[in-house]
Amino acid sequence: MTISSRACGDCTLCCKVMAIEELAKPANAWCPHCKPGHGCRIYADRPAECRSFSCVWLVNELLEEYWKPAKSRLVLTTSEDGLEVRCAPGFPDAWRREPYRSEIHEWAVSGEPLDMTVVVIVGQRMTLVTPEREFDLGIVGPDERIVRELEGTRVVNASVAKASDLEP
Ligand code: SF4
Ligand code: SF4
């Protein structure tokens, strides 16, 4: 990550798209404390989850300005496995527009040899993007995990399994 001089400004999209456990706020619903387009009404007292959250656009100036979530309708975050791209409610095809689609594909290409995944999330529906194809995984619950079948570093299949079934 680079040091960024960016600021959220008029963007408040993560306050809608992300789930906030501490507030029991589900994903894809406005936080009751948010003034959309302006900011947080309880900024000084916002939960720890909110304090520690930054989307990738905010902290990484290598991402072009057009990735700003308020404009792209896409919130990028990192996960243990790689990159997650969340579409704003009402914009399920935001990630299929250019230049986003091509860049998402390029990340899948550069991520594969590093075993990094690129997952697009629309509501609860997830799509694993690989250099060769998209794996529509359907609705993936919080207690479920994506399981990839690999040939070398190439993903040849992907499915979803209960996290508890994967524990050794
Ligand atoms: S989505 Fe990113 S830029 Fe927008 S308010 Fe959240 S952290 Fe800031
Ligand atoms: S508490 Fe504030 S920062 Fe956190 S989701 Fe709600 S509006 Fe956003």
# chains A, B, ... in the order shown; residues from 1 in each chain; ligands from 1
$ closest_atom_pairs --of "chain A" --to "ligand 2" --cutoff "12 Å" --atoms "only C-alpha atoms and all ligand atoms" --output "Markdown table"
| residue | atom | partner | partner_atom_place_in_ligand_line | distance |
| --- | --- | --- | --- | --- |
| A:Cys8 | CA | ligand 2 | 3 (S) | 11.0 |
| A:Cys11 | CA | ligand 2 | 8 (Fe) | 10.5 |
| A:Thr12 | CA | ligand 2 | 8 (Fe) | 7.0 |
| A:Leu13 | CA | ligand 2 | 8 (Fe) | 8.5 |
| A:Cys14 | CA | ligand 2 | 8 (Fe) | 6.9 |
| A:Cys15 | CA | ligand 2 | 5 (S) | 4.0 |
| A:Lys16 | CA | ligand 2 | 5 (S) | 7.0 |
| A:Val17 | CA | ligand 2 | 5 (S) | 9.0 |
| A:Met18 | CA | ligand 2 | 5 (S) | 7.6 |
| A:Ala19 | CA | ligand 2 | 5 (S) | 8.0 |
| A:Ile20 | CA | ligand 2 | 5 (S) | 6.4 |
| A:Glu21 | CA | ligand 2 | 5 (S) | 9.9 |
| A:Glu22 | CA | ligand 2 | 1 (S) | 9.2 |
| A:Leu23 | CA | ligand 2 | 1 (S) | 7.6 |
| A:Ala24 | CA | ligand 2 | 5 (S) | 10.3 |
| A:Lys25 | CA | ligand 2 | 5 (S) | 7.9 |
| A:Pro26 | CA | ligand 2 | 5 (S) | 10.1 |
| A:Ala27 | CA | ligand 2 | 5 (S) | 10.0 |
| A:Asn28 | CA | ligand 2 | 5 (S) | 10.9 |
| A:Ala29 | CA | ligand 2 | 5 (S) | 9.7 |
| A:Trp30 | CA | ligand 2 | 5 (S) | 7.7 |
| A:Cys31 | CA | ligand 2 | 6 (Fe) | 4.5 |
| A:Pro32 | CA | ligand 2 | 6 (Fe) | 6.4 |
| A:His33 | CA | ligand 2 | 7 (S) | 4.4 |
| A:Cys34 | CA | ligand 2 | 7 (S) | 3.6 |
| A:Lys35 | CA | ligand 2 | 7 (S) | 7.0 |
| A:Pro36 | CA | ligand 2 | 7 (S) | 8.3 |
| A:Gly37 | CA | ligand 2 | 7 (S) | 10.5 |
| A:His38 | CA | ligand 2 | 7 (S) | 9.6 |
| A:Gly39 | CA | ligand 2 | 7 (S) | 6.4 |
| A:Cys40 | CA | ligand 2 | 7 (S) | 4.0 |
| A:Arg41 | CA | ligand 2 | 2 (Fe) | 6.3 |
| A:Ile42 | CA | ligand 2 | 2 (Fe) | 5.8 |
| A:Tyr43 | CA | ligand 2 | 2 (Fe) | 5.7 |
| A:Ala44 | CA | ligand 2 | 2 (Fe) | 8.9 |
| A:Asp45 | CA | ligand 2 | 1 (S) | 7.9 |
| A:Arg46 | CA | ligand 2 | 1 (S) | 4.6 |
| A:Pro47 | CA | ligand 2 | 1 (S) | 6.0 |
| A:Ala48 | CA | ligand 2 | 4 (Fe) | 8.5 |
| A:Glu49 | CA | ligand 2 | 4 (Fe) | 7.4 |
| A:Cys50 | CA | ligand 2 | 4 (Fe) | 4.6 |
| A:Arg51 | CA | ligand 2 | 3 (S) | 7.2 |
| A:Ser52 | CA | ligand 2 | 3 (S) | 9.8 |
| A:Phe53 | CA | ligand 2 | 3 (S) | 8.7 |
| A:Ser54 | CA | ligand 2 | 3 (S) | 10.4 |
$ select_by_dssp --residues "region 18-64 of chain A" --states "strand (DSSP E or B)" --output "list of chain:residue names"
A:Ile20, A:Lys25, A:Cys34, A:Lys35, A:Gly39, A:Cys40
$ closest_residue --among "A:Ala108, A:Met116, A:Ala88, A:Ala158" --to "ligand 1" --atoms "only C-alpha atoms and all ligand atoms"
A:Ala88
$ residues_around --residues "Val129 (chain A)" --least-positions-apart "4" --cutoff "9 Å" --atoms "only C-alpha atoms" --output "ChimeraX atom specification"
/A:104-105,108,117-120,133-136
$ closest_residue --among "A:Arg6, A:Ser164, A:Ser110, A:Asp115" --to "Val59 (chain A)" --atoms "only C-alpha atoms"
A:Arg6
$ closest_residue --among "A:Val155, A:Leu83, A:Ala163, A:Cys55" --to "ligand 1" --atoms "only C-alpha atoms and all ligand atoms"
A:Cys55
$ residues_around --residues "Ser72 (chain A)" --least-positions-apart "2" --cutoff "10 Å" --atoms "only C-alpha atoms" --output "compact mmCIF listing (two decimals) with all heavy atoms, in the first residue's frame"
# COMPACT_ATOMS: atom_id res chain seq x y z
N GLU A 65 -8.41 7.50 -10.26
CA GLU A 65 -9.47 8.28 -9.61
C GLU A 65 -10.87 7.71 -9.92
O GLU A 65 -11.76 7.76 -9.08
CB GLU A 65 -9.34 9.74 -10.06
CG GLU A 65 -10.24 10.72 -9.34
CD GLU A 65 -10.01 10.79 -7.84
OE1 GLU A 65 -8.90 10.49 -7.36
OE2 GLU A 65 -10.98 11.15 -7.12
N TYR A 66 -11.01 7.16 -11.13
CA TYR A 66 -12.35 6.67 -11.49
C TYR A 66 -12.80 5.47 -10.66
O TYR A 66 -13.96 5.06 -10.73
CB TYR A 66 -12.46 6.35 -12.99
CG TYR A 66 -11.41 5.42 -13.56
CD1 TYR A 66 -11.40 4.07 -13.25
CD2 TYR A 66 -10.43 5.91 -14.42
CE1 TYR A 66 -10.44 3.21 -13.78
CE2 TYR A 66 -9.45 5.07 -14.96
CZ TYR A 66 -9.47 3.73 -14.64
OH TYR A 66 -8.51 2.89 -15.16
N TRP A 67 -11.90 4.92 -9.85
CA TRP A 67 -12.30 3.84 -8.94
C TRP A 67 -12.94 4.37 -7.66
O TRP A 67 -13.39 3.58 -6.83
CB TRP A 67 -11.08 2.97 -8.57
CG TRP A 67 -10.79 1.91 -9.58
CD1 TRP A 67 -9.83 1.96 -10.56
CD2 TRP A 67 -11.44 0.65 -9.74
NE1 TRP A 67 -9.86 0.80 -11.30
CE2 TRP A 67 -10.84 -0.02 -10.81
CE3 TRP A 67 -12.49 0.00 -9.06
CZ2 TRP A 67 -11.24 -1.28 -11.25
CZ3 TRP A 67 -12.89 -1.26 -9.48
CH2 TRP A 67 -12.27 -1.88 -10.55
N LYS A 68 -12.97 5.67 -7.50
CA LYS A 68 -13.61 6.20 -6.29
C LYS A 68 -15.00 5.58 -6.16
O LYS A 68 -15.81 5.63 -7.10
CB LYS A 68 -13.71 7.73 -6.33
CG LYS A 68 -14.28 8.28 -5.05
CD LYS A 68 -14.28 9.80 -4.99
CE LYS A 68 -14.83 10.25 -3.65
NZ LYS A 68 -14.84 11.70 -3.49
N PRO A 69 -15.31 4.97 -5.02
CA PRO A 69 -16.57 4.23 -4.90
C PRO A 69 -17.82 5.03 -5.23
O PRO A 69 -18.76 4.50 -5.83
CB PRO A 69 -16.56 3.76 -3.44
CG PRO A 69 -15.10 3.62 -3.13
CD PRO A 69 -14.44 4.76 -3.85
N ALA A 70 -17.83 6.31 -4.87
CA ALA A 70 -19.02 7.12 -5.16
C ALA A 70 -19.26 7.21 -6.66
O ALA A 70 -20.40 7.40 -7.11
CB ALA A 70 -18.85 8.51 -4.56
N LEU A 74 -18.38 0.78 -6.82
CA LEU A 74 -17.67 -0.44 -6.44
C LEU A 74 -16.79 -0.14 -5.23
O LEU A 74 -16.04 0.84 -5.24
CB LEU A 74 -16.78 -0.91 -7.59
CG LEU A 74 -17.51 -1.31 -8.88
CD1 LEU A 74 -16.53 -1.41 -10.03
CD2 LEU A 74 -18.26 -2.61 -8.69
N VAL A 75 -16.90 -0.97 -4.21
CA VAL A 75 -16.03 -0.82 -3.03
C VAL A 75 -15.02 -1.97 -3.04
O VAL A 75 -15.40 -3.14 -3.00
CB VAL A 75 -16.85 -0.84 -1.71
CG1 VAL A 75 -15.92 -0.76 -0.51
CG2 VAL A 75 -17.86 0.31 -1.69
N CYS A 87 -20.32 -4.60 -5.33
CA CYS A 87 -21.14 -3.68 -6.11
C CYS A 87 -22.16 -3.01 -5.20
O CYS A 87 -22.74 -3.66 -4.32
CB CYS A 87 -21.90 -4.43 -7.19
SG CYS A 87 -20.83 -5.14 -8.44
N ALA A 88 -22.40 -1.74 -5.43
CA ALA A 88 -23.43 -1.02 -4.67
C ALA A 88 -24.80 -1.61 -5.01
O ALA A 88 -25.04 -2.00 -6.16
CB ALA A 88 -23.40 0.46 -5.03
N PHE A 91 -26.70 -1.57 -8.48
CA PHE A 91 -25.72 -1.50 -9.58
C PHE A 91 -25.00 -2.84 -9.73
O PHE A 91 -23.77 -2.91 -9.65
CB PHE A 91 -24.71 -0.37 -9.32
CG PHE A 91 -25.35 0.98 -9.26
CD1 PHE A 91 -25.85 1.48 -8.06
CD2 PHE A 91 -25.48 1.75 -10.42
CE1 PHE A 91 -26.46 2.73 -8.01
CE2 PHE A 91 -26.09 2.99 -10.37
CZ PHE A 91 -26.58 3.49 -9.16
N ALA A 94 -22.14 -3.01 -12.24
CA ALA A 94 -21.11 -1.96 -12.21
C ALA A 94 -19.74 -2.52 -12.57
O ALA A 94 -18.95 -1.87 -13.25
CB ALA A 94 -21.09 -1.29 -10.83
N TRP A 95 -19.47 -3.72 -12.13
CA TRP A 95 -18.14 -4.30 -12.38
C TRP A 95 -17.95 -4.77 -13.81
O TRP A 95 -16.84 -5.04 -14.24
CB TRP A 95 -17.89 -5.47 -11.41
CG TRP A 95 -18.72 -6.68 -11.65
CD1 TRP A 95 -20.05 -6.83 -11.41
CD2 TRP A 95 -18.28 -7.94 -12.18
NE1 TRP A 95 -20.47 -8.11 -11.74
CE2 TRP A 95 -19.40 -8.80 -12.21
CE3 TRP A 95 -17.05 -8.43 -12.62
CZ2 TRP A 95 -19.32 -10.11 -12.67
CZ3 TRP A 95 -16.97 -9.74 -13.08
CH2 TRP A 95 -18.10 -10.55 -13.09
N ARG A 97 -18.78 -2.93 -16.39
CA ARG A 97 -18.53 -1.76 -17.24
C ARG A 97 -17.02 -1.58 -17.38
O ARG A 97 -16.25 -1.96 -16.52
CB ARG A 97 -19.14 -0.50 -16.62
CG ARG A 97 -20.66 -0.48 -16.64
CD ARG A 97 -21.20 0.79 -16.01
NE ARG A 97 -20.95 0.81 -14.57
CZ ARG A 97 -20.36 1.79 -13.91
NH1 ARG A 97 -19.91 2.85 -14.53
NH2 ARG A 97 -20.19 1.72 -12.60
N PRO A 99 -13.78 1.00 -17.56
CA PRO A 99 -12.58 0.16 -17.60
C PRO A 99 -12.51 -0.87 -16.46
O PRO A 99 -11.52 -1.59 -16.35
CB PRO A 99 -11.45 1.17 -17.45
CG PRO A 99 -12.05 2.23 -16.56
CD PRO A 99 -13.51 2.32 -16.93
N TYR A 100 -13.57 -0.93 -15.65
CA TYR A 100 -13.49 -1.77 -14.45
C TYR A 100 -13.33 -3.26 -14.79
O TYR A 100 -12.49 -3.96 -14.22
CB TYR A 100 -14.74 -1.54 -13.57
CG TYR A 100 -14.96 -0.08 -13.30
CD1 TYR A 100 -16.02 0.62 -13.90
CD2 TYR A 100 -14.09 0.63 -12.48
CE1 TYR A 100 -16.20 1.97 -13.68
CE2 TYR A 100 -14.26 1.99 -12.26
CZ TYR A 100 -15.33 2.65 -12.86
OH TYR A 100 -15.49 3.99 -12.65
$ select_by_dssp --residues "region 13-42 of chain A" --states "alpha helix (DSSP H)" --output "count of residues only"
4
$ closest_residue --among "A:Asp81, A:Glu144, A:Glu167, A:Glu151" --to "Gln124 (chain A)" --atoms "only C-alpha atoms"
A:Glu144
$ residues_around --residues "region 138-142 of chain A" --least-positions-apart "6" --cutoff "9 Å" --atoms "only C-alpha atoms" --output "tab-separated table (two decimals) with N, CA, C and O atoms, in the first residue's frame"
chain	number	residue	atom	x	y	z
A	123	GLY	N	-24.72	-8.23	-3.61
A	123	GLY	CA	-25.59	-8.71	-2.54
A	123	GLY	C	-24.82	-9.79	-1.79
A	123	GLY	O	-23.71	-9.58	-1.34
A	124	GLN	N	-25.42	-10.99	-1.73
A	124	GLN	CA	-24.71	-12.12	-1.10
A	124	GLN	C	-24.13	-13.06	-2.16
A	124	GLN	O	-23.57	-14.09	-1.83
A	125	ARG	N	-24.32	-12.67	-3.41
A	125	ARG	CA	-23.89	-13.54	-4.50
A	125	ARG	C	-22.43	-13.26	-4.85
A	125	ARG	O	-22.04	-12.10	-4.98
A	126	MET	N	-21.65	-14.32	-4.97
A	126	MET	CA	-20.24	-14.13	-5.25
A	126	MET	C	-19.84	-14.76	-6.57
A	126	MET	O	-20.35	-15.82	-6.94
A	127	THR	N	-18.92	-14.09	-7.25
A	127	THR	CA	-18.34	-14.61	-8.49
A	127	THR	C	-16.83	-14.59	-8.35
A	127	THR	O	-16.25	-13.54	-8.07
A	160	VAL	N	-18.52	-24.01	-3.08
A	160	VAL	CA	-18.70	-23.39	-1.77
A	160	VAL	C	-18.93	-24.50	-0.74
A	160	VAL	O	-19.65	-25.46	-1.01
A	161	ALA	N	-18.30	-24.38	0.41
A	161	ALA	CA	-18.47	-25.39	1.46
A	161	ALA	C	-18.64	-24.70	2.80
A	161	ALA	O	-18.19	-23.56	2.99
A	162	LYS	N	-19.30	-25.39	3.73
A	162	LYS	CA	-19.42	-24.88	5.10
A	162	LYS	C	-18.04	-24.79	5.72
A	162	LYS	O	-17.25	-25.75	5.61
A	163	ALA	N	-17.76	-23.69	6.36
A	163	ALA	CA	-16.44	-23.52	7.00
A	163	ALA	C	-16.19	-24.65	7.99
A	163	ALA	O	-15.07	-25.16	8.08
$ atom_distance --atom1 "CA of Glu103 (chain A)" --atom2 "CA of Thr153 (chain A)"
20.1 Å
$ closest_residue --among "A:Leu114, A:Arg154, A:Val56, A:Ser5" --to "ligand 1" --atoms "only C-alpha atoms and all ligand atoms"
A:Val56
$ atom_distance --atom1 "CA of Glu149 (chain A)" --atom2 "CA of Leu76 (chain A)"
24.8 Å
